[in-house]
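Engineer: I'm passing along input_31.cif; it holds mmCIF, N, CA and C atoms.
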data_target
#
loop_
_atom_site.label_atom_id
_atom_site.label_comp_id
_atom_site.auth_asym_id
_atom_site.auth_seq_id
_atom_site.Cartn_x
_atom_site.Cartn_y
_atom_site.Cartn_z
N GLN U 21 -9.08 -5.36 -18.79
CA GLN U 21 -8.00 -6.02 -18.06
C GLN U 21 -7.78 -5.32 -16.73
N VAL U 22 -7.84 -6.09 -15.66
CA VAL U 22 -7.65 -5.53 -14.32
C VAL U 22 -6.17 -5.30 -14.09
N GLN U 23 -5.85 -4.11 -13.63
CA GLN U 23 -4.45 -3.79 -13.41
C GLN U 23 -4.30 -2.79 -12.28
N LEU U 24 -3.26 -2.98 -11.47
CA LEU U 24 -2.85 -2.02 -10.45
C LEU U 24 -1.43 -1.59 -10.77
N VAL U 25 -1.18 -0.31 -10.81
CA VAL U 25 0.14 0.19 -11.14
C VAL U 25 0.61 1.13 -10.05
N GLU U 26 1.73 0.76 -9.42
CA GLU U 26 2.31 1.61 -8.39
C GLU U 26 3.32 2.57 -9.01
N SER U 27 3.46 3.71 -8.38
CA SER U 27 4.48 4.68 -8.79
C SER U 27 4.85 5.52 -7.58
N GLY U 28 5.95 6.25 -7.72
CA GLY U 28 6.35 7.18 -6.67
C GLY U 28 7.52 6.73 -5.83
N GLY U 29 7.99 5.51 -6.06
CA GLY U 29 9.13 5.04 -5.30
C GLY U 29 10.41 5.76 -5.71
N GLY U 30 11.47 5.50 -4.97
CA GLY U 30 12.74 6.12 -5.30
C GLY U 30 13.70 6.07 -4.13
N LEU U 31 14.76 6.84 -4.27
CA LEU U 31 15.79 6.94 -3.25
C LEU U 31 15.57 8.22 -2.45
N VAL U 32 15.56 8.10 -1.14
CA VAL U 32 15.34 9.26 -0.29
C VAL U 32 16.23 9.13 0.94
N GLN U 33 16.63 10.26 1.47
CA GLN U 33 17.45 10.25 2.68
C GLN U 33 16.59 9.98 3.91
N PRO U 34 17.19 9.46 4.96
CA PRO U 34 16.45 9.29 6.22
C PRO U 34 15.83 10.59 6.66
N GLY U 35 14.57 10.50 7.10
CA GLY U 35 13.83 11.68 7.48
C GLY U 35 13.04 12.29 6.36
N GLY U 36 13.27 11.83 5.15
CA GLY U 36 12.57 12.37 3.99
C GLY U 36 11.18 11.78 3.80
N SER U 37 10.55 12.20 2.71
CA SER U 37 9.17 11.77 2.43
C SER U 37 9.04 11.29 0.99
N LEU U 38 8.10 10.42 0.80
CA LEU U 38 7.69 9.97 -0.53
C LEU U 38 6.19 9.75 -0.51
N ARG U 39 5.56 9.90 -1.67
CA ARG U 39 4.16 9.54 -1.80
C ARG U 39 4.03 8.49 -2.89
N LEU U 40 3.54 7.35 -2.51
CA LEU U 40 3.29 6.28 -3.48
C LEU U 40 1.86 6.38 -3.97
N SER U 41 1.70 6.04 -5.25
CA SER U 41 0.37 6.01 -5.85
C SER U 41 0.08 4.62 -6.36
N CYS U 42 -1.16 4.24 -6.28
CA CYS U 42 -1.63 2.95 -6.80
C CYS U 42 -2.84 3.24 -7.68
N ALA U 43 -2.62 3.20 -8.98
CA ALA U 43 -3.69 3.52 -9.92
C ALA U 43 -4.31 2.24 -10.45
N ALA U 44 -5.62 2.19 -10.42
CA ALA U 44 -6.35 1.00 -10.88
C ALA U 44 -6.93 1.23 -12.26
N SER U 45 -6.93 0.19 -13.05
CA SER U 45 -7.60 0.22 -14.34
C SER U 45 -8.33 -1.10 -14.54
N GLY U 46 -9.41 -1.04 -15.29
CA GLY U 46 -10.20 -2.25 -15.52
C GLY U 46 -11.24 -2.51 -14.45
N PHE U 47 -11.21 -1.74 -13.39
CA PHE U 47 -12.23 -1.83 -12.36
C PHE U 47 -12.19 -0.55 -11.53
N THR U 48 -13.26 -0.28 -10.82
CA THR U 48 -13.29 0.92 -9.98
C THR U 48 -13.02 0.52 -8.54
N LEU U 49 -12.27 1.36 -7.87
CA LEU U 49 -11.81 1.03 -6.52
C LEU U 49 -12.87 1.21 -5.44
N ASP U 50 -13.98 1.82 -5.79
CA ASP U 50 -14.97 2.19 -4.78
C ASP U 50 -15.35 1.03 -3.86
N TYR U 51 -15.44 -0.17 -4.43
CA TYR U 51 -15.95 -1.30 -3.66
C TYR U 51 -14.87 -2.31 -3.34
N TRP U 52 -13.64 -1.82 -3.33
CA TRP U 52 -12.52 -2.72 -3.05
C TRP U 52 -11.70 -2.18 -1.88
N ALA U 53 -11.27 -3.07 -1.03
CA ALA U 53 -10.29 -2.70 -0.01
C ALA U 53 -8.91 -2.69 -0.66
N ILE U 54 -8.12 -1.71 -0.30
CA ILE U 54 -6.79 -1.58 -0.88
C ILE U 54 -5.75 -1.62 0.23
N GLY U 55 -4.73 -2.38 -0.01
CA GLY U 55 -3.65 -2.47 0.97
C GLY U 55 -2.30 -2.19 0.34
N TRP U 56 -1.42 -1.67 1.18
CA TRP U 56 -0.02 -1.52 0.80
C TRP U 56 0.80 -2.53 1.59
N PHE U 57 1.66 -3.23 0.89
CA PHE U 57 2.50 -4.24 1.51
C PHE U 57 3.93 -4.00 1.07
N ARG U 58 4.85 -4.53 1.82
CA ARG U 58 6.25 -4.35 1.42
C ARG U 58 7.03 -5.62 1.71
N GLN U 59 8.10 -5.76 0.96
CA GLN U 59 8.98 -6.91 1.16
C GLN U 59 10.41 -6.47 0.97
N ALA U 60 11.18 -6.64 2.01
CA ALA U 60 12.61 -6.33 1.96
C ALA U 60 13.38 -7.61 1.65
N PRO U 61 14.59 -7.50 1.10
CA PRO U 61 15.38 -8.69 0.79
C PRO U 61 15.56 -9.58 2.01
N GLY U 62 15.26 -10.87 1.82
CA GLY U 62 15.44 -11.83 2.90
C GLY U 62 14.37 -11.81 3.96
N LYS U 63 13.35 -10.98 3.77
CA LYS U 63 12.28 -10.89 4.76
C LYS U 63 10.94 -11.26 4.13
N GLU U 64 10.02 -11.61 4.97
CA GLU U 64 8.69 -11.95 4.50
C GLU U 64 7.90 -10.66 4.20
N ARG U 65 6.93 -10.82 3.35
CA ARG U 65 6.04 -9.71 3.03
C ARG U 65 5.26 -9.30 4.28
N GLU U 66 5.09 -8.00 4.46
CA GLU U 66 4.34 -7.52 5.61
C GLU U 66 3.36 -6.44 5.18
N GLY U 67 2.26 -6.40 5.87
CA GLY U 67 1.27 -5.37 5.61
C GLY U 67 1.71 -4.05 6.20
N VAL U 68 1.58 -3.00 5.42
CA VAL U 68 1.94 -1.65 5.87
C VAL U 68 0.69 -0.88 6.27
N SER U 69 -0.28 -0.87 5.38
CA SER U 69 -1.50 -0.11 5.63
C SER U 69 -2.61 -0.61 4.73
N CYS U 70 -3.83 -0.54 5.21
CA CYS U 70 -5.00 -0.92 4.41
C CYS U 70 -6.11 0.10 4.64
N ILE U 71 -6.93 0.25 3.62
CA ILE U 71 -8.11 1.09 3.75
C ILE U 71 -9.30 0.31 3.23
N SER U 72 -10.38 0.33 4.00
CA SER U 72 -11.52 -0.51 3.66
C SER U 72 -12.43 0.21 2.67
N THR U 73 -13.45 -0.53 2.24
CA THR U 73 -14.38 0.02 1.26
C THR U 73 -15.50 0.81 1.91
N SER U 74 -16.11 0.21 2.91
CA SER U 74 -17.38 0.73 3.40
C SER U 74 -17.24 2.03 4.18
N ASP U 75 -16.51 1.98 5.26
CA ASP U 75 -16.44 3.16 6.12
C ASP U 75 -15.10 3.88 6.04
N GLY U 76 -14.23 3.40 5.16
CA GLY U 76 -12.94 4.06 5.01
C GLY U 76 -12.01 3.85 6.18
N SER U 77 -12.32 2.86 7.00
CA SER U 77 -11.46 2.60 8.15
C SER U 77 -10.08 2.16 7.68
N THR U 78 -9.09 2.45 8.48
CA THR U 78 -7.71 2.18 8.07
C THR U 78 -6.98 1.31 9.09
N TYR U 79 -5.97 0.66 8.58
CA TYR U 79 -5.07 -0.15 9.41
C TYR U 79 -3.64 0.30 9.11
N TYR U 80 -2.85 0.39 10.15
CA TYR U 80 -1.43 0.69 9.98
C TYR U 80 -0.61 -0.29 10.81
N ALA U 81 0.46 -0.76 10.23
CA ALA U 81 1.41 -1.55 11.00
C ALA U 81 2.00 -0.67 12.09
N HIS U 82 2.33 -1.29 13.19
CA HIS U 82 2.87 -0.53 14.33
C HIS U 82 4.11 0.26 13.93
N SER U 83 4.91 -0.33 13.05
CA SER U 83 6.19 0.28 12.68
C SER U 83 6.02 1.56 11.86
N VAL U 84 4.85 1.79 11.28
CA VAL U 84 4.67 2.98 10.44
C VAL U 84 3.61 3.93 11.00
N LYS U 85 2.96 3.53 12.05
CA LYS U 85 1.88 4.36 12.60
C LYS U 85 2.42 5.73 13.01
N GLY U 86 1.71 6.75 12.60
CA GLY U 86 2.14 8.12 12.89
C GLY U 86 3.06 8.71 11.84
N ARG U 87 3.57 7.87 10.95
CA ARG U 87 4.47 8.35 9.90
C ARG U 87 3.86 8.21 8.51
N PHE U 88 3.06 7.18 8.31
CA PHE U 88 2.46 6.90 7.01
C PHE U 88 0.97 7.20 7.06
N THR U 89 0.43 7.64 5.93
CA THR U 89 -1.00 7.90 5.82
C THR U 89 -1.53 7.34 4.51
N ILE U 90 -2.56 6.53 4.60
CA ILE U 90 -3.19 5.99 3.40
C ILE U 90 -4.44 6.80 3.10
N SER U 91 -4.69 7.00 1.82
CA SER U 91 -5.88 7.73 1.42
C SER U 91 -6.32 7.24 0.04
N ARG U 92 -7.56 7.52 -0.28
CA ARG U 92 -8.06 7.10 -1.59
C ARG U 92 -8.80 8.24 -2.25
N ASP U 93 -8.65 8.33 -3.55
CA ASP U 93 -9.38 9.30 -4.37
C ASP U 93 -10.17 8.49 -5.39
N ASN U 94 -11.42 8.25 -5.07
CA ASN U 94 -12.23 7.40 -5.95
C ASN U 94 -12.43 8.04 -7.32
N ALA U 95 -12.44 9.35 -7.38
CA ALA U 95 -12.62 10.03 -8.67
C ALA U 95 -11.45 9.74 -9.60
N LYS U 96 -10.26 9.59 -9.02
CA LYS U 96 -9.08 9.29 -9.82
C LYS U 96 -8.76 7.80 -9.83
N ASN U 97 -9.60 7.02 -9.13
CA ASN U 97 -9.38 5.57 -9.06
C ASN U 97 -7.98 5.24 -8.58
N THR U 98 -7.55 5.96 -7.56
CA THR U 98 -6.18 5.87 -7.08
C THR U 98 -6.14 5.87 -5.56
N VAL U 99 -5.22 5.10 -5.03
CA VAL U 99 -4.96 5.10 -3.59
C VAL U 99 -3.52 5.56 -3.39
N TYR U 100 -3.32 6.33 -2.33
CA TYR U 100 -2.01 6.90 -2.05
C TYR U 100 -1.48 6.40 -0.71
N LEU U 101 -0.17 6.40 -0.61
CA LEU U 101 0.48 6.15 0.67
C LEU U 101 1.51 7.26 0.86
N GLN U 102 1.20 8.18 1.75
CA GLN U 102 2.12 9.25 2.09
C GLN U 102 3.05 8.74 3.17
N MET U 103 4.34 8.78 2.90
CA MET U 103 5.33 8.24 3.83
C MET U 103 6.24 9.38 4.28
N ASN U 104 6.19 9.69 5.55
CA ASN U 104 7.02 10.75 6.12
C ASN U 104 8.00 10.16 7.13
N SER U 105 9.01 10.94 7.46
CA SER U 105 10.01 10.52 8.45
C SER U 105 10.55 9.13 8.14
N LEU U 106 10.91 8.94 6.90
CA LEU U 106 11.35 7.62 6.46
C LEU U 106 12.64 7.19 7.14
N LYS U 107 12.73 5.90 7.38
CA LYS U 107 13.88 5.30 8.05
C LYS U 107 14.51 4.27 7.13
N PRO U 108 15.78 3.97 7.34
CA PRO U 108 16.42 2.94 6.50
C PRO U 108 15.66 1.61 6.53
N GLU U 109 15.05 1.29 7.65
CA GLU U 109 14.31 0.02 7.74
C GLU U 109 13.01 0.03 6.94
N ASP U 110 12.65 1.16 6.37
CA ASP U 110 11.49 1.21 5.46
C ASP U 110 11.86 0.78 4.04
N THR U 111 13.14 0.58 3.81
CA THR U 111 13.59 0.16 2.48
C THR U 111 13.00 -1.19 2.10
N ALA U 112 12.33 -1.24 0.96
CA ALA U 112 11.66 -2.46 0.51
C ALA U 112 11.03 -2.19 -0.85
N VAL U 113 10.55 -3.25 -1.46
CA VAL U 113 9.65 -3.10 -2.60
C VAL U 113 8.23 -2.99 -2.03
N TYR U 114 7.54 -1.97 -2.45
CA TYR U 114 6.19 -1.72 -1.96
C TYR U 114 5.19 -2.13 -3.04
N TYR U 115 4.18 -2.87 -2.62
CA TYR U 115 3.14 -3.35 -3.51
C TYR U 115 1.78 -2.86 -3.03
N CYS U 116 0.91 -2.54 -3.97
CA CYS U 116 -0.48 -2.34 -3.58
C CYS U 116 -1.27 -3.55 -4.06
N ALA U 117 -2.36 -3.80 -3.36
CA ALA U 117 -3.19 -4.95 -3.67
C ALA U 117 -4.64 -4.60 -3.36
N ALA U 118 -5.54 -5.29 -4.05
CA ALA U 118 -6.97 -5.03 -3.90
C ALA U 118 -7.70 -6.29 -3.49
N ALA U 119 -8.67 -6.13 -2.63
CA ALA U 119 -9.51 -7.24 -2.19
C ALA U 119 -10.96 -6.87 -2.43
N GLY U 120 -11.71 -7.81 -3.02
CA GLY U 120 -13.10 -7.56 -3.30
C GLY U 120 -13.94 -7.52 -2.04
N LEU U 121 -15.17 -7.09 -2.23
CA LEU U 121 -16.07 -6.84 -1.09
C LEU U 121 -16.23 -8.05 -0.19
N TYR U 122 -16.23 -9.22 -0.76
CA TYR U 122 -16.47 -10.42 0.04
C TYR U 122 -15.23 -11.29 0.16
N SER U 123 -14.09 -10.72 -0.20
CA SER U 123 -12.86 -11.48 -0.08
C SER U 123 -12.40 -11.54 1.36
N ASP U 124 -11.87 -12.65 1.73
CA ASP U 124 -11.33 -12.86 3.07
C ASP U 124 -9.82 -12.69 2.99
N TYR U 125 -9.33 -11.57 3.46
CA TYR U 125 -7.90 -11.30 3.31
C TYR U 125 -7.28 -10.97 4.65
N ASP U 126 -5.99 -11.12 4.69
CA ASP U 126 -5.22 -10.83 5.89
C ASP U 126 -4.46 -9.53 5.66
N GLN U 127 -4.80 -8.48 6.38
CA GLN U 127 -4.17 -7.19 6.14
C GLN U 127 -2.74 -7.15 6.67
N MET U 128 -2.34 -8.15 7.42
CA MET U 128 -0.98 -8.17 7.94
C MET U 128 -0.02 -8.90 7.01
N THR U 129 -0.56 -9.80 6.18
CA THR U 129 0.32 -10.57 5.29
C THR U 129 -0.01 -10.37 3.81
N GLY U 130 -1.23 -9.96 3.51
CA GLY U 130 -1.65 -9.84 2.13
C GLY U 130 -2.26 -11.11 1.57
N ASP U 131 -2.27 -12.18 2.35
CA ASP U 131 -2.90 -13.41 1.88
C ASP U 131 -4.38 -13.15 1.60
N GLY U 132 -4.84 -13.65 0.46
CA GLY U 132 -6.24 -13.50 0.11
C GLY U 132 -6.58 -12.27 -0.71
N MET U 133 -5.60 -11.37 -0.93
CA MET U 133 -5.87 -10.21 -1.78
C MET U 133 -6.06 -10.71 -3.21
N ASP U 134 -6.95 -10.07 -3.95
CA ASP U 134 -7.33 -10.57 -5.27
C ASP U 134 -6.39 -10.11 -6.39
N TYR U 135 -5.94 -8.88 -6.32
CA TYR U 135 -5.09 -8.34 -7.38
C TYR U 135 -3.89 -7.64 -6.76
N TRP U 136 -2.77 -7.72 -7.49
CA TRP U 136 -1.52 -7.12 -7.03
C TRP U 136 -0.90 -6.28 -8.12
N GLY U 137 -0.23 -5.21 -7.70
CA GLY U 137 0.58 -4.45 -8.63
C GLY U 137 1.96 -5.07 -8.76
N GLN U 138 2.79 -4.44 -9.59
CA GLN U 138 4.11 -5.00 -9.87
C GLN U 138 5.16 -4.56 -8.86
N GLY U 139 4.84 -3.55 -8.05
CA GLY U 139 5.76 -3.10 -7.01
C GLY U 139 6.58 -1.91 -7.42
N THR U 140 6.99 -1.13 -6.44
CA THR U 140 7.87 0.00 -6.65
C THR U 140 8.91 0.02 -5.53
N GLN U 141 10.15 0.26 -5.92
CA GLN U 141 11.25 0.20 -4.95
C GLN U 141 11.33 1.51 -4.16
N VAL U 142 11.44 1.36 -2.85
CA VAL U 142 11.70 2.50 -1.97
C VAL U 142 13.01 2.22 -1.24
N THR U 143 13.95 3.12 -1.38
CA THR U 143 15.25 2.97 -0.73
C THR U 143 15.51 4.20 0.13
N VAL U 144 15.74 3.97 1.40
CA VAL U 144 16.00 5.06 2.34
C VAL U 144 17.46 4.93 2.78
N SER U 145 18.27 5.86 2.33
CA SER U 145 19.70 5.76 2.60
C SER U 145 20.34 7.12 2.47
N SER U 146 21.37 7.33 3.27
CA SER U 146 22.13 8.58 3.16
C SER U 146 23.32 8.38 2.23
#
What would you get if you wrote out this structure as structure tokens?
Structural biologist:
Amino acid sequence: QVQLVESGGGLVQPGGSLRLSCAASGFTLDYWAIGWFRQAPGKEREGVSCISTSDGSTYYAHSVKGRFTISRDNAKNTVYLQMNSLKPEDTAVYYCAAAGLYSDYDQMTGDGMDYWGQGTQVTVSS
């Protein structure tokens, strides 16, 4: 059974850090692009960061560039999102998603991703 499970969310003060994990089961991540997406109440889903399969190239939304870092550990079949200098506007449910080698996906919206996790809440508040 293919599954993505996010963890690491929580409540953090502005300026704080969190590391989200996306653990895959039922398939190996080596040949899949992985993206992190978020959705805040009343807002559309937006792409936060993606990491590709082949060359490990990364994408970051302008709003998180320089603060967030995506990485993958193929040995642990896990992708991470290190989030530093968090702001209240980062508050959202964060989802990880996987796209197969030949999938046509939109890293800004998540359209076309093949598998999704259940999400983890991140709340940035004092």
Engineer: Using only C-alpha atoms, find each residue of region 49-123 of chain U with at least one atom at most 6 Å away from an atom of region 26-43 of chain U; report its shortest atom-to-atom pair and that distance in Å (one decimal), sort the rows by chain and rising residue number, and return the result as a tab-separated table.
Structural biologist:
residue	atom	partner	partner_atom	distance
U:Thr98	CA	U:Ala43	CA	4.4
U:Val99	CA	U:Cys42	CA	5.1
U:Tyr100	CA	U:Ser41	CA	4.6
U:Leu101	CA	U:Leu40	CA	5.0
U:Gln102	CA	U:Arg39	CA	4.4
U:Met103	CA	U:Leu38	CA	5.3
U:Asn104	CA	U:Ser37	CA	4.4
U:Ser105	CA	U:Gly35	CA	4.1
U:Leu106	CA	U:Gly35	CA	4.9
U:Lys107	CA	U:Pro34	CA	5.1
Engineer: May I have the selected residues written with N, CA and C atoms, as a CSV table (one decimal), in the coordinates of the input?
Structural biologist:
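Dumped to out_31.csv:
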chain,number,residue,atom,x,y,z
U,98,THR,N,-7.6,6.0,-7.6
U,98,THR,CA,-6.2,5.9,-7.1
U,98,THR,C,-6.1,5.9,-5.6
U,99,VAL,N,-5.2,5.1,-5.0
U,99,VAL,CA,-5.0,5.1,-3.6
U,99,VAL,C,-3.5,5.6,-3.4
U,100,TYR,N,-3.3,6.3,-2.3
U,100,TYR,CA,-2.0,6.9,-2.0
U,100,TYR,C,-1.5,6.4,-0.7
U,101,LEU,N,-0.2,6.4,-0.6
U,101,LEU,CA,0.5,6.2,0.7
U,101,LEU,C,1.5,7.3,0.9
U,102,GLN,N,1.2,8.2,1.8
U,102,GLN,CA,2.1,9.2,2.1
U,102,GLN,C,3.0,8.7,3.2
U,103,MET,N,4.3,8.8,2.9
U,103,MET,CA,5.3,8.2,3.8
U,103,MET,C,6.2,9.4,4.3
U,104,ASN,N,6.2,9.7,5.6
U,104,ASN,CA,7.0,10.8,6.1
U,104,ASN,C,8.0,10.2,7.1
U,105,SER,N,9.0,10.9,7.5
U,105,SER,CA,10.0,10.5,8.4
U,105,SER,C,10.6,9.1,8.1
U,106,LEU,N,10.9,8.9,6.9
U,106,LEU,CA,11.4,7.6,6.5
U,106,LEU,C,12.6,7.2,7.1
U,107,LYS,N,12.7,5.9,7.4
U,107,LYS,CA,13.9,5.3,8.0
U,107,LYS,C,14.5,4.3,7.1
Engineer: Which of these, U:Glu66, U:Asp110, U:Asp75, U:Asp93, has the shortest distance to Val142 (chain U) once you count only N, CA and C atoms?
Structural biologist: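 Of U:Glu66, U:Asp110, U:Asp75, U:Asp93, the one nearest Val142 (chain U), counting only N, CA and C atoms, is U:Asp110.
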Engineer: So which residues touch Gln59 (chain U) within 7 Å, counting only N, CA and C atoms, skipping near sequence neighbours fewer than 4 positions away, as a compact mmCIF listing (two decimals) with N, CA and C atoms, in the coordinates of the input?
Structural biologist:
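Dumped everything to selection28.txt:
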# COMPACT_ATOMS: atom_id res chain seq x y z
N LYS U 63 13.35 -10.98 3.77
CA LYS U 63 12.28 -10.89 4.76
C LYS U 63 10.94 -11.26 4.13
N GLU U 64 10.02 -11.61 4.97
CA GLU U 64 8.69 -11.95 4.50
C GLU U 64 7.90 -10.66 4.20
N ARG U 65 6.93 -10.82 3.35
CA ARG U 65 6.04 -9.71 3.03
C ARG U 65 5.26 -9.30 4.28
N GLU U 66 5.09 -8.00 4.46
CA GLU U 66 4.34 -7.52 5.61
C GLU U 66 3.36 -6.44 5.18
N THR U 111 13.14 0.58 3.81
CA THR U 111 13.59 0.16 2.48
C THR U 111 13.00 -1.19 2.10
N ALA U 112 12.33 -1.24 0.96
CA ALA U 112 11.66 -2.46 0.51
C ALA U 112 11.03 -2.19 -0.85
N VAL U 113 10.55 -3.25 -1.46
CA VAL U 113 9.65 -3.10 -2.60
C VAL U 113 8.23 -2.99 -2.03
N TYR U 114 7.54 -1.97 -2.45
CA TYR U 114 6.19 -1.72 -1.96
C TYR U 114 5.19 -2.13 -3.04
N TYR U 115 4.18 -2.87 -2.62
CA TYR U 115 3.14 -3.35 -3.51
C TYR U 115 1.78 -2.86 -3.03
Engineer: Tell me which of U:Gly139, U:Gly86, U:Pro61, U:Gly46 sits closest to Cys116 (chain U), counting all atoms listed in the file.
Structural biologist: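 The closest residue to Cys116 (chain U) is U:Gly139.
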Engineer: What is the distance between atom C of Ser123 (chain U) and CA of Ala81 (chain U), in Å to one decimal?
Structural biologist: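 Atom C of Ser123 (chain U) sits 19.6 Å away from CA of Ala81 (chain U).
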Engineer: CA of Gly62 (chain U) and CA of Ala119 (chain U), how far apart in Å?
Structural biologist: 25.9 Å
Engineer: With 6 Å as the threshold, what does the neighbourhood of (-11.5, -4.8, -0.3) contain in terms of residues, counting all atoms listed in the file? Coordinates are those of the file; answer as a list of chain:residue names.
Structural biologist: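 The distance filter leaves exactly U:Tyr51, U:Trp52, U:Ala53, U:Ile54, U:Ser72, U:Thr73, U:Ala118, U:Ala119, U:Gly120, U:Leu121.
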Engineer: Could you go through chain U and tell me which residues DSSP, when run on the backbone, assigns to strand (DSSP E or B), listing them as a PyMOL selection string?
Structural biologist: chain U and resi 23-27+30-32+38-45+53-59+66-71+78-80+88-93+98-103+112-119+135-136+140-144
Engineer: Apply DSSP to the backbone of this structure and, from chain U, keep only the residues in helix (DSSP H, G or I); write these as a count of residues only.
Structural biologist: 6
Engineer: For region 59-66 of chain U, supply all heavy atoms and format the output as an mmCIF file, keeping the file's coordinate frame.
Structural biologist:
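The new file selection25.cif reads:
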data_model
loop_
_atom_site.group_PDB
_atom_site.id
_atom_site.type_symbol
_atom_site.label_atom_id
_atom_site.label_comp_id
_atom_site.auth_asym_id
_atom_site.auth_seq_id
_atom_site.Cartn_x
_atom_site.Cartn_y
_atom_site.Cartn_z
ATOM 1 N N GLN U 59 8.100 -5.760 0.960
ATOM 2 C CA GLN U 59 8.980 -6.910 1.160
ATOM 3 C C GLN U 59 10.410 -6.470 0.970
ATOM 4 O O GLN U 59 10.778 -5.973 -0.104
ATOM 5 C CB GLN U 59 8.631 -8.048 0.209
ATOM 6 C CG GLN U 59 9.389 -9.333 0.522
ATOM 7 C CD GLN U 59 8.775 -10.541 -0.138
ATOM 8 O OE1 GLN U 59 8.057 -10.442 -1.133
ATOM 9 N NE2 GLN U 59 9.045 -11.715 0.406
ATOM 10 N N ALA U 60 11.180 -6.640 2.010
ATOM 11 C CA ALA U 60 12.610 -6.330 1.960
ATOM 12 C C ALA U 60 13.380 -7.610 1.650
ATOM 13 O O ALA U 60 12.885 -8.716 1.909
ATOM 14 C CB ALA U 60 13.058 -5.750 3.303
ATOM 15 N N PRO U 61 14.590 -7.500 1.100
ATOM 16 C CA PRO U 61 15.380 -8.690 0.790
ATOM 17 C C PRO U 61 15.560 -9.580 2.010
ATOM 18 O O PRO U 61 15.928 -9.109 3.085
ATOM 19 C CB PRO U 61 16.710 -8.115 0.315
ATOM 20 C CG PRO U 61 16.378 -6.758 -0.184
ATOM 21 C CD PRO U 61 15.270 -6.264 0.697
ATOM 22 N N GLY U 62 15.260 -10.870 1.820
ATOM 23 C CA GLY U 62 15.440 -11.830 2.900
ATOM 24 C C GLY U 62 14.370 -11.810 3.960
ATOM 25 O O GLY U 62 14.464 -12.534 4.958
ATOM 26 N N LYS U 63 13.350 -10.980 3.770
ATOM 27 C CA LYS U 63 12.280 -10.890 4.760
ATOM 28 C C LYS U 63 10.940 -11.260 4.130
ATOM 29 O O LYS U 63 10.774 -11.218 2.913
ATOM 30 C CB LYS U 63 12.199 -9.482 5.339
ATOM 31 C CG LYS U 63 13.415 -9.083 6.152
ATOM 32 C CD LYS U 63 13.174 -7.782 6.874
ATOM 33 C CE LYS U 63 14.354 -7.427 7.770
ATOM 34 N NZ LYS U 63 14.108 -6.155 8.514
ATOM 35 N N GLU U 64 10.020 -11.610 4.970
ATOM 36 C CA GLU U 64 8.690 -11.950 4.500
ATOM 37 C C GLU U 64 7.900 -10.660 4.200
ATOM 38 O O GLU U 64 8.168 -9.600 4.746
ATOM 39 C CB GLU U 64 7.951 -12.781 5.549
ATOM 40 C CG GLU U 64 8.631 -14.091 5.846
ATOM 41 C CD GLU U 64 7.641 -15.188 6.204
ATOM 42 O OE1 GLU U 64 6.491 -14.878 6.518
ATOM 43 O OE2 GLU U 64 8.059 -16.359 6.166
ATOM 44 N N ARG U 65 6.930 -10.820 3.350
ATOM 45 C CA ARG U 65 6.040 -9.710 3.030
ATOM 46 C C ARG U 65 5.260 -9.300 4.280
ATOM 47 O O ARG U 65 4.822 -10.159 5.048
ATOM 48 C CB ARG U 65 5.072 -10.122 1.930
ATOM 49 C CG ARG U 65 4.173 -9.007 1.418
ATOM 50 C CD ARG U 65 3.306 -9.527 0.302
ATOM 51 N NE ARG U 65 2.388 -10.559 0.758
ATOM 52 C CZ ARG U 65 1.828 -11.475 -0.035
ATOM 53 N NH1 ARG U 65 2.141 -11.497 -1.319
ATOM 54 N NH2 ARG U 65 0.995 -12.366 0.452
ATOM 55 N N GLU U 66 5.090 -8.000 4.460
ATOM 56 C CA GLU U 66 4.340 -7.520 5.610
ATOM 57 C C GLU U 66 3.360 -6.440 5.180
ATOM 58 O O GLU U 66 3.600 -5.678 4.242
ATOM 59 C CB GLU U 66 5.281 -6.956 6.682
ATOM 60 C CG GLU U 66 6.079 -5.746 6.266
ATOM 61 C CD GLU U 66 6.813 -5.088 7.423
ATOM 62 O OE1 GLU U 66 6.457 -5.337 8.593
ATOM 63 O OE2 GLU U 66 7.742 -4.310 7.163
#
